[in-house]
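Colleague: Here you go, this is target_37.cif (mmCIF, C-alpha atoms (C1' of nucleotides)).
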```
data_work
loop_
_atom_site.label_atom_id
_atom_site.label_comp_id
_atom_site.auth_asym_id
_atom_site.auth_seq_id
_atom_site.Cartn_x
_atom_site.Cartn_y
_atom_site.Cartn_z
CA MET A 1 -27.23 3.96 -17.84
CA LYS A 2 -24.19 6.00 -16.93
CA GLU A 3 -22.55 8.35 -19.33
CA ARG A 4 -19.31 7.19 -20.80
CA GLY A 5 -17.07 9.64 -18.97
CA LYS A 6 -18.40 8.46 -15.64
CA ALA A 7 -18.07 4.82 -16.63
CA ILE A 8 -14.44 5.37 -17.53
CA ARG A 9 -13.71 7.02 -14.20
CA THR A 10 -15.35 4.18 -12.31
CA ALA A 11 -13.46 1.52 -14.22
CA ALA A 12 -10.20 3.42 -13.78
CA LEU A 13 -10.80 3.90 -10.06
CA HIS A 14 -11.24 0.18 -9.54
CA LEU A 15 -8.34 -0.83 -11.70
CA PHE A 16 -5.94 1.66 -10.16
CA ALA A 17 -7.06 0.50 -6.72
CA GLU A 18 -6.57 -3.17 -7.51
CA GLU A 19 -3.52 -3.15 -9.73
CA GLY A 20 -1.71 0.04 -8.82
CA TYR A 21 -0.82 2.91 -11.12
CA GLU A 22 1.57 1.04 -13.38
CA GLY A 23 -0.43 -2.18 -13.23
CA ALA A 24 -3.61 -0.55 -14.49
CA SER A 25 -3.01 -0.11 -18.18
CA LEU A 26 -5.17 2.04 -20.40
CA SER A 27 -6.12 -1.00 -22.46
CA LYS A 28 -7.45 -2.73 -19.36
CA ILE A 29 -9.45 0.33 -18.42
CA ALA A 30 -10.82 0.70 -21.93
CA GLY A 31 -11.56 -3.02 -22.06
CA ARG A 32 -13.62 -2.86 -18.91
CA VAL A 33 -15.66 -0.01 -20.34
CA GLY A 34 -16.01 -1.74 -23.68
CA ILE A 35 -14.13 0.66 -25.93
CA ARG A 36 -10.64 0.89 -27.45
CA LYS A 37 -7.88 2.59 -25.56
CA SER A 38 -7.46 5.34 -28.14
CA SER A 39 -11.05 6.39 -27.42
CA LEU A 40 -10.09 7.19 -23.83
CA TYR A 41 -8.31 10.27 -25.09
CA ASN A 42 -11.64 11.85 -25.92
CA HIS A 43 -12.33 11.90 -22.16
CA CYS A 44 -8.98 12.72 -20.65
CA SER A 45 -5.69 14.10 -21.85
CA SER A 46 -3.38 11.47 -20.36
CA LYS A 47 -3.13 8.66 -17.86
CA GLU A 48 -1.61 11.02 -15.28
CA ASP A 49 -4.45 13.42 -15.78
CA LEU A 50 -7.04 10.70 -15.26
CA PHE A 51 -5.28 9.43 -12.17
CA LEU A 52 -4.81 12.81 -10.52
CA SER A 53 -8.41 13.81 -11.07
CA LEU A 54 -9.45 10.60 -9.33
CA VAL A 55 -7.17 11.41 -6.40
CA GLU A 56 -8.90 14.74 -6.12
CA GLU A 57 -12.36 13.23 -6.33
CA VAL A 58 -11.73 10.49 -3.80
CA TYR A 59 -10.14 12.77 -1.21
CA SER A 60 -12.78 15.44 -1.46
CA ARG A 61 -15.58 12.91 -1.33
CA TYR A 62 -14.21 11.58 1.93
CA ILE A 63 -13.90 15.06 3.43
CA GLN A 64 -17.48 15.74 2.43
CA GLU A 65 -18.74 12.63 4.22
CA LEU A 66 -16.68 13.41 7.28
CA LYS A 67 -18.17 16.89 7.51
CA LYS A 68 -21.67 15.49 7.38
CA ILE A 69 -20.91 13.10 10.23
CA VAL A 70 -19.03 15.41 12.55
CA SER A 71 -21.07 18.55 12.20
CA GLY A 72 -24.35 16.73 11.69
CA SER A 73 -24.67 14.85 14.95
CA THR A 74 -24.91 16.78 18.20
CA GLY A 75 -24.16 13.91 20.56
CA THR A 76 -21.33 13.22 22.97
CA ALA A 77 -17.69 13.13 21.92
CA GLU A 78 -17.84 9.37 22.24
CA LYS A 79 -20.69 9.19 19.75
CA LYS A 80 -19.05 11.53 17.30
CA LEU A 81 -15.72 9.77 17.41
CA TYR A 82 -17.35 6.40 17.10
CA SER A 83 -19.39 7.56 14.11
CA THR A 84 -16.27 8.94 12.50
CA PHE A 85 -14.44 5.69 13.10
CA ILE A 86 -17.23 3.60 11.61
CA ALA A 87 -17.79 5.92 8.68
CA THR A 88 -14.10 6.04 7.81
CA THR A 89 -13.58 2.32 8.00
CA ASP A 90 -16.77 1.80 5.99
CA PHE A 91 -15.44 4.23 3.44
CA ILE A 92 -12.22 2.28 3.26
CA THR A 93 -14.10 -0.95 2.79
CA ARG A 94 -16.01 0.30 -0.20
CA GLU A 95 -14.38 -1.53 -3.06
CA GLY A 96 -12.78 0.95 -5.34
CA THR A 97 -12.89 4.20 -3.45
CA GLY A 98 -11.45 2.99 -0.18
CA ARG A 99 -8.79 0.80 -1.65
CA PHE A 100 -7.78 3.58 -4.01
CA TYR A 101 -7.52 5.96 -1.09
CA MET A 102 -5.33 3.70 1.01
CA HIS A 103 -3.23 2.47 -1.86
CA PHE A 104 -2.08 5.87 -3.03
CA LEU A 105 -1.92 7.52 0.33
CA LEU A 106 0.68 4.95 1.33
CA PHE A 107 2.25 4.14 -2.01
CA PRO A 108 1.78 6.88 -4.57
CA PRO A 109 3.33 6.34 -8.00
CA SER A 110 6.83 7.68 -7.64
CA GLU A 111 6.63 10.24 -10.46
CA LEU A 112 3.47 11.74 -8.93
CA GLU A 113 4.47 11.34 -5.32
CA GLU A 114 4.85 15.03 -4.59
CA LYS A 115 1.50 16.01 -6.05
CA VAL A 116 -0.34 13.27 -4.23
CA ARG A 117 1.36 13.94 -0.90
CA THR A 118 0.72 17.66 -1.09
CA ARG A 119 -2.93 17.01 -1.70
CA PHE A 120 -3.06 14.62 1.21
CA LEU A 121 -1.49 17.05 3.65
CA SER A 122 -4.08 19.72 2.97
CA PHE A 123 -6.66 17.03 3.40
CA GLU A 124 -5.23 16.05 6.78
CA GLU A 125 -5.40 19.69 7.82
CA GLU A 126 -9.11 19.67 7.14
CA THR A 127 -9.76 16.54 9.18
CA ASN A 128 -7.74 17.95 12.07
CA GLN A 129 -9.89 21.03 12.14
CA LEU A 130 -13.01 18.94 12.15
CA LEU A 131 -11.93 16.57 14.90
CA LEU A 132 -9.82 18.61 17.31
CA PRO A 133 -12.84 20.59 18.53
CA VAL A 134 -14.65 17.35 19.26
CA LEU A 135 -11.78 16.15 21.45
CA LYS A 136 -11.45 19.49 23.19
CA LYS A 137 -15.11 19.59 24.03
CA GLY A 138 -14.91 16.00 25.27
CA ILE A 139 -12.12 16.98 27.62
CA ALA A 140 -13.95 20.05 28.84
CA ASP A 141 -17.02 17.91 29.54
CA ARG A 142 -14.88 15.44 31.50
CA GLU A 143 -15.88 12.77 29.04
CA ILE A 144 -12.30 12.33 27.88
CA ARG A 145 -9.32 12.39 30.19
CA ASP A 146 -7.33 15.58 30.38
CA SER A 147 -4.37 15.40 28.01
CA ASP A 148 -3.02 17.01 24.87
CA PRO A 149 -5.84 16.87 22.29
CA SER A 150 -3.47 16.48 19.38
CA ILE A 151 -1.95 13.42 21.03
CA LEU A 152 -5.38 11.93 21.48
CA LEU A 153 -6.22 12.78 17.90
CA HIS A 154 -3.14 11.04 16.67
CA ALA A 155 -3.93 7.91 18.64
CA PHE A 156 -7.36 8.04 17.06
CA TYR A 157 -5.84 8.25 13.60
CA CYS A 158 -3.54 5.41 14.51
CA MET A 159 -6.41 3.11 15.35
CA ILE A 160 -8.30 4.15 12.25
CA ASP A 161 -5.31 3.51 10.01
CA GLY A 162 -4.71 0.16 11.63
CA MET A 163 -8.30 -0.90 11.28
CA SER A 164 -8.35 0.41 7.72
CA SER A 165 -5.46 -1.87 6.82
CA GLN A 166 -7.19 -4.79 8.42
CA MET A 167 -10.45 -4.22 6.58
CA PHE A 168 -8.55 -5.46 3.55
CA TYR A 169 -7.41 -8.83 4.64
CA TYR A 170 -10.22 -10.00 6.86
CA PRO A 171 -13.67 -11.08 5.66
CA ALA A 172 -16.37 -8.43 6.16
CA LEU A 173 -18.07 -10.04 9.15
CA GLU A 174 -14.88 -10.77 10.99
CA ALA A 175 -13.64 -7.26 10.29
CA ALA A 176 -16.84 -5.74 11.69
CA GLN A 177 -16.36 -7.60 14.97
CA LYS A 178 -12.69 -6.72 15.24
CA ARG A 179 -13.63 -3.13 14.64
CA GLU A 180 -15.96 -3.07 17.64
CA HIS A 181 -13.32 -4.57 19.88
CA ALA A 182 -10.66 -2.17 18.70
CA TRP A 183 -12.98 0.72 19.41
CA GLY A 184 -13.76 -0.55 22.91
CA ILE A 185 -10.11 -0.71 23.86
CA PHE A 186 -9.30 2.63 22.31
CA TRP A 187 -12.15 4.34 24.09
CA ARG A 188 -11.10 2.84 27.40
CA GLY A 189 -7.68 4.29 26.69
CA ILE A 190 -8.81 7.86 26.26
CA ARG A 191 -12.00 8.22 28.29
CA HIS A 192 -12.11 9.98 31.59
CA GLY A 193 -11.50 7.58 34.45
CA LYS A 194 -11.49 8.08 38.18
CA GLU A 195 -8.26 6.19 38.71
CA GLN A 196 -5.07 8.24 38.71
CA MET B 1 32.24 -5.78 -0.68
CA LYS B 2 29.05 -7.76 -1.07
CA GLU B 3 28.74 -10.53 -3.56
CA ARG B 4 26.75 -9.76 -6.66
CA GLY B 5 23.75 -11.94 -5.83
CA LYS B 6 23.26 -10.18 -2.54
CA ALA B 7 23.68 -6.76 -4.12
CA ILE B 8 20.99 -7.58 -6.66
CA ARG B 9 18.59 -8.70 -3.94
CA THR B 10 19.19 -5.53 -1.96
CA ALA B 11 18.65 -3.29 -4.96
CA ALA B 12 15.54 -5.22 -5.95
CA LEU B 13 14.13 -5.06 -2.43
CA HIS B 14 14.44 -1.30 -2.36
CA LEU B 15 13.09 -0.76 -5.83
CA PHE B 16 10.12 -3.05 -5.35
CA ALA B 17 9.38 -1.32 -2.06
CA GLU B 18 9.55 2.15 -3.56
CA GLU B 19 8.05 1.65 -6.98
CA GLY B 20 5.88 -1.42 -6.62
CA TYR B 21 6.15 -4.66 -8.55
CA GLU B 22 5.33 -3.28 -11.99
CA GLY B 23 7.12 0.00 -11.35
CA ALA B 24 10.42 -1.67 -10.53
CA SER B 25 11.79 -2.72 -13.89
CA LEU B 26 14.67 -5.10 -14.32
CA SER B 27 16.69 -2.39 -16.03
CA LYS B 28 16.32 -0.13 -13.01
CA ILE B 29 17.41 -2.94 -10.72
CA ALA B 30 20.36 -3.81 -12.94
CA GLY B 31 21.23 -0.13 -13.24
CA ARG B 32 21.41 0.28 -9.49
CA VAL B 33 23.75 -2.70 -9.23
CA GLY B 34 25.85 -1.54 -12.14
CA ILE B 35 25.28 -4.34 -14.61
CA ARG B 36 23.07 -4.93 -17.67
CA LYS B 37 19.62 -6.34 -17.19
CA SER B 38 20.40 -9.51 -19.14
CA SER B 39 23.05 -10.32 -16.55
CA LEU B 40 20.37 -10.56 -13.90
CA TYR B 41 19.30 -13.86 -15.37
CA ASN B 42 22.50 -15.45 -14.13
CA HIS B 43 21.21 -14.89 -10.59
CA CYS B 44 17.51 -15.55 -10.87
CA SER B 45 15.24 -17.24 -13.36
CA SER B 46 12.64 -14.51 -13.69
CA LYS B 47 11.26 -11.33 -12.17
CA GLU B 48 8.54 -13.29 -10.40
CA ASP B 49 11.11 -15.63 -8.98
CA LEU B 50 13.20 -12.77 -7.66
CA PHE B 51 10.20 -11.09 -6.13
CA LEU B 52 8.79 -14.16 -4.42
CA SER B 53 12.12 -15.09 -2.92
CA LEU B 54 12.28 -11.60 -1.43
CA VAL B 55 8.80 -12.01 0.04
CA GLU B 56 9.98 -15.19 1.69
CA GLU B 57 13.15 -13.59 3.01
CA VAL B 58 11.45 -10.50 4.42
CA TYR B 59 8.66 -12.38 6.16
CA SER B 60 10.93 -14.93 7.73
CA ARG B 61 13.42 -12.31 8.82
CA TYR B 62 10.67 -10.52 10.69
CA ILE B 63 9.50 -13.72 12.40
CA GLN B 64 13.06 -14.39 13.44
CA GLU B 65 13.41 -10.97 15.06
CA LEU B 66 10.08 -11.31 16.77
CA LYS B 67 11.08 -14.62 18.30
CA LYS B 68 14.23 -13.13 19.70
CA ILE B 69 12.29 -10.31 21.35
CA VAL B 70 9.39 -12.26 22.76
CA SER B 71 11.19 -15.32 24.02
CA GLY B 72 14.37 -13.47 24.91
CA SER B 73 13.13 -11.04 27.52
CA THR B 74 11.64 -12.38 30.73
CA GLY B 75 9.92 -9.22 31.90
CA THR B 76 6.29 -8.27 32.40
CA ALA B 77 3.67 -8.52 29.68
CA GLU B 78 3.82 -4.74 29.40
CA LYS B 79 7.53 -4.86 28.68
CA LYS B 80 7.22 -7.66 26.17
CA LEU B 81 4.36 -6.07 24.30
CA TYR B 82 6.07 -2.71 24.29
CA SER B 83 9.28 -4.27 22.95
CA THR B 84 7.32 -6.04 20.26
CA PHE B 85 5.59 -2.83 19.31
CA ILE B 86 8.84 -0.90 19.10
CA ALA B 87 10.67 -3.64 17.27
CA THR B 88 7.91 -4.06 14.72
CA THR B 89 7.55 -0.38 13.99
CA ASP B 90 11.32 -0.08 13.80
CA PHE B 91 11.34 -2.96 11.37
CA ILE B 92 8.74 -1.21 9.27
CA THR B 93 10.75 1.98 9.30
CA ARG B 94 13.85 0.31 7.92
CA GLU B 95 13.95 1.61 4.40
CA GLY B 96 13.59 -1.29 2.07
CA THR B 97 12.57 -4.19 4.27
CA GLY B 98 9.74 -2.51 6.10
CA ARG B 99 8.30 -0.73 3.16
CA PHE B 100 8.50 -3.87 1.10
CA TYR B 101 6.69 -5.75 3.83
CA MET B 102 3.85 -3.28 4.13
CA HIS B 103 3.54 -2.62 0.44
CA PHE B 104 2.98 -6.21 -0.59
CA LEU B 105 1.08 -7.30 2.45
CA LEU B 106 -1.55 -4.72 1.57
CA PHE B 107 -1.19 -4.55 -2.19
CA PRO B 108 0.39 -7.63 -3.69
CA PRO B 109 0.82 -7.71 -7.47
CA SER B 110 -2.45 -9.14 -8.73
CA GLU B 111 -0.95 -12.11 -10.59
CA LEU B 112 0.92 -13.19 -7.46
CA GLU B 113 -1.75 -12.27 -4.95
CA GLU B 114 -2.61 -15.80 -3.92
CA LYS B 115 0.95 -16.86 -3.31
CA VAL B 116 1.75 -13.79 -1.26
CA ARG B 117 -1.43 -13.98 0.81
CA THR B 118 -0.94 -17.64 1.59
CA ARG B 119 2.54 -16.94 2.82
CA PHE B 120 1.29 -14.12 4.97
CA LEU B 121 -1.39 -16.16 6.65
CA SER B 122 1.06 -18.80 7.82
CA PHE B 123 3.18 -15.96 9.05
CA GLU B 124 0.31 -14.50 11.05
CA GLU B 125 -0.23 -17.91 12.63
CA GLU B 126 3.31 -17.83 13.90
CA THR B 127 3.02 -14.39 15.44
CA ASN B 128 -0.25 -15.38 17.12
CA GLN B 129 1.44 -18.31 18.77
CA LEU B 130 4.22 -16.09 19.99
CA LEU B 131 2.04 -13.35 21.40
CA LEU B 132 -1.08 -15.05 22.74
CA PRO B 133 0.83 -16.66 25.62
CA VAL B 134 2.18 -13.26 26.60
CA LEU B 135 -1.34 -11.84 26.83
CA LYS B 136 -2.64 -14.85 28.71
CA LYS B 137 0.10 -14.63 31.25
CA GLY B 138 -0.53 -10.90 31.61
CA ILE B 139 -4.17 -11.60 32.38
CA ALA B 140 -3.32 -14.35 34.86
CA ASP B 141 -0.91 -12.00 36.61
CA ARG B 142 -3.63 -9.32 36.79
CA GLU B 143 -1.43 -7.06 34.77
CA ILE B 144 -3.92 -6.96 31.91
CA ARG B 145 -7.64 -6.80 32.40
CA ASP B 146 -9.60 -9.99 32.09
CA SER B 147 -11.00 -10.35 28.59
CA ASP B 148 -10.66 -12.53 25.50
CA PRO B 149 -6.93 -12.69 24.68
CA SER B 150 -7.52 -12.90 20.94
CA ILE B 151 -9.51 -9.68 21.10
CA LEU B 152 -6.71 -7.98 22.93
CA LEU B 153 -4.23 -9.37 20.45
CA HIS B 154 -6.20 -8.00 17.57
CA ALA B 155 -6.37 -4.55 19.12
CA PHE B 156 -2.62 -4.78 19.52
CA TYR B 157 -2.21 -5.64 15.84
CA CYS B 158 -4.53 -2.81 14.99
CA MET B 159 -2.37 -0.25 16.75
CA ILE B 160 0.78 -1.73 15.23
CA ASP B 161 -0.67 -1.61 11.73
CA GLY B 162 -1.85 1.94 12.24
CA MET B 163 1.49 3.09 13.56
CA SER B 164 3.25 1.21 10.78
CA SER B 165 1.31 3.17 8.19
CA GLN B 166 2.14 6.39 9.93
CA MET B 167 5.84 5.66 10.09
CA PHE B 168 5.77 6.29 6.36
CA TYR B 169 4.40 9.74 6.16
CA TYR B 170 5.78 11.39 9.24
CA PRO B 171 9.42 12.38 9.78
CA ALA B 172 11.36 9.99 12.01
CA LEU B 173 11.42 12.17 15.11
CA GLU B 174 7.76 13.04 14.96
CA ALA B 175 6.89 9.41 14.34
CA ALA B 176 8.89 8.30 17.38
CA GLN B 177 6.93 10.67 19.61
CA LYS B 178 3.57 9.67 18.16
CA ARG B 179 4.53 6.08 18.72
CA GLU B 180 5.03 6.63 22.44
CA HIS B 181 1.70 8.35 22.78
CA ALA B 182 -0.13 5.68 20.85
CA TRP B 183 1.40 3.06 23.09
CA GLY B 184 0.39 4.92 26.24
CA ILE B 185 -3.22 5.09 25.19
CA PHE B 186 -3.31 1.50 24.06
CA TRP B 187 -1.81 0.24 27.27
CA ARG B 188 -4.29 2.23 29.30
CA GLY B 189 -6.96 0.52 27.23
CA ILE B 190 -5.93 -3.01 28.05
CA ARG B 191 -4.19 -2.88 31.42
CA HIS B 192 -5.82 -4.03 34.60
CA GLY B 193 -7.65 -1.16 36.28
CA LYS B 194 -9.53 -0.92 39.53
CA GLU B 195 -12.48 0.88 38.04
CA GLN B 196 -15.34 -1.28 36.76
"C1'" DG C 1 29.23 -14.08 -15.33
"C1'" DT C 2 28.85 -10.24 -18.08
"C1'" DC C 3 28.35 -8.43 -22.34
"C1'" DT C 4 25.82 -7.11 -27.11
"C1'" DA C 5 22.20 -8.11 -30.01
"C1'" DT C 6 17.77 -9.33 -30.72
"C1'" DA C 7 12.94 -11.21 -30.33
"C1'" DC C 8 8.57 -10.24 -28.94
"C1'" DC C 9 5.16 -7.82 -26.70
"C1'" DG C 10 2.40 -4.26 -24.69
"C1'" DA C 11 2.70 0.28 -22.92
"C1'" DG C 12 1.10 5.46 -23.73
"C1'" DA C 13 -0.06 8.42 -27.24
"C1'" DT C 14 -1.39 10.56 -32.02
"C1'" DA C 15 -3.53 10.88 -36.84
"C1'" DG C 16 -7.18 10.61 -39.63
"C1'" DA C 17 -11.36 8.00 -41.62
"C1'" DC C 18 -16.13 7.56 -40.45
"C1'" DG D 1 -16.83 9.91 -30.13
"C1'" DT D 2 -15.20 5.71 -31.65
"C1'" DC D 3 -12.64 3.28 -34.66
"C1'" DT D 4 -8.13 1.35 -37.17
"C1'" DA D 5 -3.52 2.11 -38.02
"C1'" DT D 6 0.67 3.52 -36.57
"C1'" DC D 7 4.53 5.65 -33.85
"C1'" DT D 8 7.92 5.31 -30.23
"C1'" DC D 9 9.44 3.54 -26.20
"C1'" DG D 10 10.44 0.32 -22.70
"C1'" DG D 11 9.21 -4.02 -20.73
"C1'" DT D 12 10.74 -9.35 -19.96
"C1'" DA D 13 13.36 -12.71 -21.74
"C1'" DT D 14 16.82 -15.50 -24.71
"C1'" DA D 15 21.10 -16.52 -27.63
"C1'" DG D 16 25.64 -16.55 -28.20
"C1'" DA D 17 30.43 -14.21 -28.17
"C1'" DC D 18 33.98 -13.30 -24.86
#
```
Could you show the structure in this file as structure tokens?
Modeller:
Amino acid sequence: MKERGKAIRTAALHLFAEEGYEGASLSKIAGRVGIRKSSLYNHCSSKEDLFLSLVEEVYSRYIQELKKIVSGSTGTAEKKLYSTFIATTDFITREGTGRFYMHFLLFPPSELEEKVRTRFLSFEEETNQLLLPVLKKGIADREIRDSDPSILLHAFYCMIDGMSSQMFYYPALEAAQKREHAWGIFWRGIRHGKEQ
Amino acid sequence: MKERGKAIRTAALHLFAEEGYEGASLSKIAGRVGIRKSSLYNHCSSKEDLFLSLVEEVYSRYIQELKKIVSGSTGTAEKKLYSTFIATTDFITREGTGRFYMHFLLFPPSELEEKVRTRFLSFEEETNQLLLPVLKKGIADREIRDSDPSILLHAFYCMIDGMSSQMFYYPALEAAQKREHAWGIFWRGIRHGKEQ
DNA sequence: GTCTATACCGAGATAGAC
DNA sequence: GTCTATCTCGGTATAGAC
């Protein structure tokens, strides 16, 4: 049995993710937890407050997972990038967390846009510093073709973002297959090749 | 000077795109046009009605542009795919239309989800039928490597979706550069190569 | 076609009993 | 901590004068 505060956060996370910031009313959140909306104010000071603390939690949870994956494994660049790709798209697929992440990265509520964007940028900084070394080492090892690492990194992000979008509107099994194919083509695009 | 009806649709398109379905109130829309919200009801029967007609307009406008690009040019598969990529990401970048498109493709208002999704699926069918022949011809001409065209098509969509997301949070110039790089890597991933 | 006025509802938030 | 009651505000929508 979860404590109330946690239950509220979970319900709010899902409702924000599904219905957006304006669409997720405090009554709906309270209703899902099984209390009245006025009782929510014993656990947070406002709707904004609740929302922003969830932004913080979701972003930092993702960074935490990413760190485990990248620094944990000691394999090739290919393995590390592939693991990152899978882990990120899995993360996105997790109902609640992932949808929340995508939803408000792309379409933050307009009054809170600046706060959310600022938080995201610092978050992007962190991922860059985790992944750039992987690409650089891959190039040095002649595993990845010799070109600007930040360009390669961006193309990697691009595929991840694309696949992340697609995880939403395809059934799980289909999405998993598409993911493998997308990876195959991406890797062919950046790997070291004899030609040229 | 645009007629009123058109002005309302334009204002609504932008507001929906920026603030979401719930966030874009009829007063805001009316305010941007310069009339009272009750006057809106002389041009549409409800908020839902207004929104859904915009969904229809935006989707079909995109299909129309795509047709012009794909069937118009008679170049190589590379040229056609590149044009499609550029045109789509340009379309997405157009304030209003593109943001509206992305916003409600990924996060439709929950009450209207089914209607929006259904419309999108038929739309995807159309794009498939435009683009699959291009890929098939590219394979036959040994311009693209021999593999399942629908897999290649999906990887293409994946890059487009990824780049479309990114068009939002990077400045125009930066986005344009990233776009070129993403294309380069994608094309390297699918083109015909001597190796293997 | 646009306006004012109004109906009705649900939003976020607060006060105070228990 | 949760409840009921209540406040204020803004939402969608309608009626009817001009």
Colleague: Given the PyMOL selection byres ((chain C) within 10 of (chain A)) and the file above, list the residues it selects as a list in words.
Modeller: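 Going through the file, the PyMOL selection byres ((chain C) within 10 of (chain A)) ends up selecting DG10, DA11, DG12, DA13 and DT14 of chain C.
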Colleague: Please enumerate the residues selected by the PyMOL selection byres ((chain D) within 9 of (chain B)) when evaluated against the supplied file, formatted as number ranges by chain.
Modeller: D: 11-14
Colleague: As JSON, numbers by chain, could you give me every residue of chain B near chain A (at most 8 Å apart, counting all atoms listed in the file)?
Modeller: {"B": [18, 19, 22, 23, 103, 106, 107, 109, 110, 151, 154, 155, 157, 158, 159, 160, 161, 162, 163, 165, 166, 168, 169, 178, 181, 182, 185, 186, 187, 188, 189, 190, 193, 194, 195]}
Colleague: At a cut-off of 9 Å, using all atoms listed in the file, what residues contact B:Leu81? Leave out same-chain residues fewer than 6 positions from it and give the result as a list in words.
Modeller: Val70, Leu131, Val134, Leu135 and Phe156 of chain B
Colleague: Atom CA of A:Thr93 to atom CA of A:Glu124: how many Å, to one decimal?
Modeller: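 Separating atom CA of A:Thr93 from atom CA of A:Glu124 is a distance of 19.6 Å.
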Colleague: Evaluated on this file, the PyMOL selection byres ((chain A and resi 5-16) around 8) picks out some residues - which ones are they, written as a PyMOL selection string?
Modeller: chain A and resi 2-4+17-21+23-24+28-30+32-33+40+43+50-51+54+95-97+100
Colleague: Based on the selection just made, write C-alpha atoms of those residues as a PDB file, in the frame of the given file.
Modeller:
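And here is the file that came out, again_35.pdb:
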```pdb
ATOM      1  CA  LYS A   2     -24.190   6.000 -16.930  1.00  0.00           C
ATOM      2  CA  GLU A   3     -22.550   8.350 -19.330  1.00  0.00           C
ATOM      3  CA  ARG A   4     -19.310   7.190 -20.800  1.00  0.00           C
ATOM      4  CA  ALA A  17      -7.060   0.500  -6.720  1.00  0.00           C
ATOM      5  CA  GLU A  18      -6.570  -3.170  -7.510  1.00  0.00           C
ATOM      6  CA  GLU A  19      -3.520  -3.150  -9.730  1.00  0.00           C
ATOM      7  CA  GLY A  20      -1.710   0.040  -8.820  1.00  0.00           C
ATOM      8  CA  TYR A  21      -0.820   2.910 -11.120  1.00  0.00           C
ATOM      9  CA  GLY A  23      -0.430  -2.180 -13.230  1.00  0.00           C
ATOM     10  CA  ALA A  24      -3.610  -0.550 -14.490  1.00  0.00           C
ATOM     11  CA  LYS A  28      -7.450  -2.730 -19.360  1.00  0.00           C
ATOM     12  CA  ILE A  29      -9.450   0.330 -18.420  1.00  0.00           C
ATOM     13  CA  ALA A  30     -10.820   0.700 -21.930  1.00  0.00           C
ATOM     14  CA  ARG A  32     -13.620  -2.860 -18.910  1.00  0.00           C
ATOM     15  CA  VAL A  33     -15.660  -0.010 -20.340  1.00  0.00           C
ATOM     16  CA  LEU A  40     -10.090   7.190 -23.830  1.00  0.00           C
ATOM     17  CA  HIS A  43     -12.330  11.900 -22.160  1.00  0.00           C
ATOM     18  CA  LEU A  50      -7.040  10.700 -15.260  1.00  0.00           C
ATOM     19  CA  PHE A  51      -5.280   9.430 -12.170  1.00  0.00           C
ATOM     20  CA  LEU A  54      -9.450  10.600  -9.330  1.00  0.00           C
ATOM     21  CA  GLU A  95     -14.380  -1.530  -3.060  1.00  0.00           C
ATOM     22  CA  GLY A  96     -12.780   0.950  -5.340  1.00  0.00           C
ATOM     23  CA  THR A  97     -12.890   4.200  -3.450  1.00  0.00           C
ATOM     24  CA  PHE A 100      -7.780   3.580  -4.010  1.00  0.00           C
TER      25      PHE A 100
END
```
Colleague: Please return as a PDB file with C-alpha atoms (C1' of nucleotides), in the coordinates of the input every residue within 12 Å of (25.7, -15.4, -31.0), taking into account only C-alpha atoms (C1' of nucleotides) and the file's own coordinates.
Modeller:
```
ATOM      1  C1'  DC C   3      28.350  -8.430 -22.340  1.00  0.00           C
ATOM      2  C1'  DT C   4      25.820  -7.110 -27.110  1.00  0.00           C
ATOM      3  C1'  DA C   5      22.200  -8.110 -30.010  1.00  0.00           C
ATOM      4  C1'  DT C   6      17.770  -9.330 -30.720  1.00  0.00           C
TER       5       DT C   6
ATOM      6  C1'  DT D  14      16.820 -15.500 -24.710  1.00  0.00           C
ATOM      7  C1'  DA D  15      21.100 -16.520 -27.630  1.00  0.00           C
ATOM      8  C1'  DG D  16      25.640 -16.550 -28.200  1.00  0.00           C
ATOM      9  C1'  DA D  17      30.430 -14.210 -28.170  1.00  0.00           C
ATOM     10  C1'  DC D  18      33.980 -13.300 -24.860  1.00  0.00           C
TER      11       DC D  18
END
```
Colleague: Any idea what the distance is between atom CA of A:Tyr62 and atom CA of A:Gln129?
Modeller: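 Going from atom CA of A:Tyr62 over to atom CA of A:Gln129 covers 14.6 Å.
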Colleague: Closest to A:Ala172 among A:Lys136, A:Tyr101, A:Asp146, A:Arg94, using all atoms listed in the file?
Modeller: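 That would be A:Arg94, the residue with the smallest distance to A:Ala172.
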Colleague: If you count all atoms listed in the file, which residues fall within 9 Å of B:Glu65, apart from same-chain ones fewer than 5 positions away, as a PyMOL selection string?
Modeller: chain B and resi 60+70+87-88
Colleague: How far is it from atom C1' of C:DG1 to atom CA of B:Glu57, in Å with one decimal?
Modeller: 24.4 Å
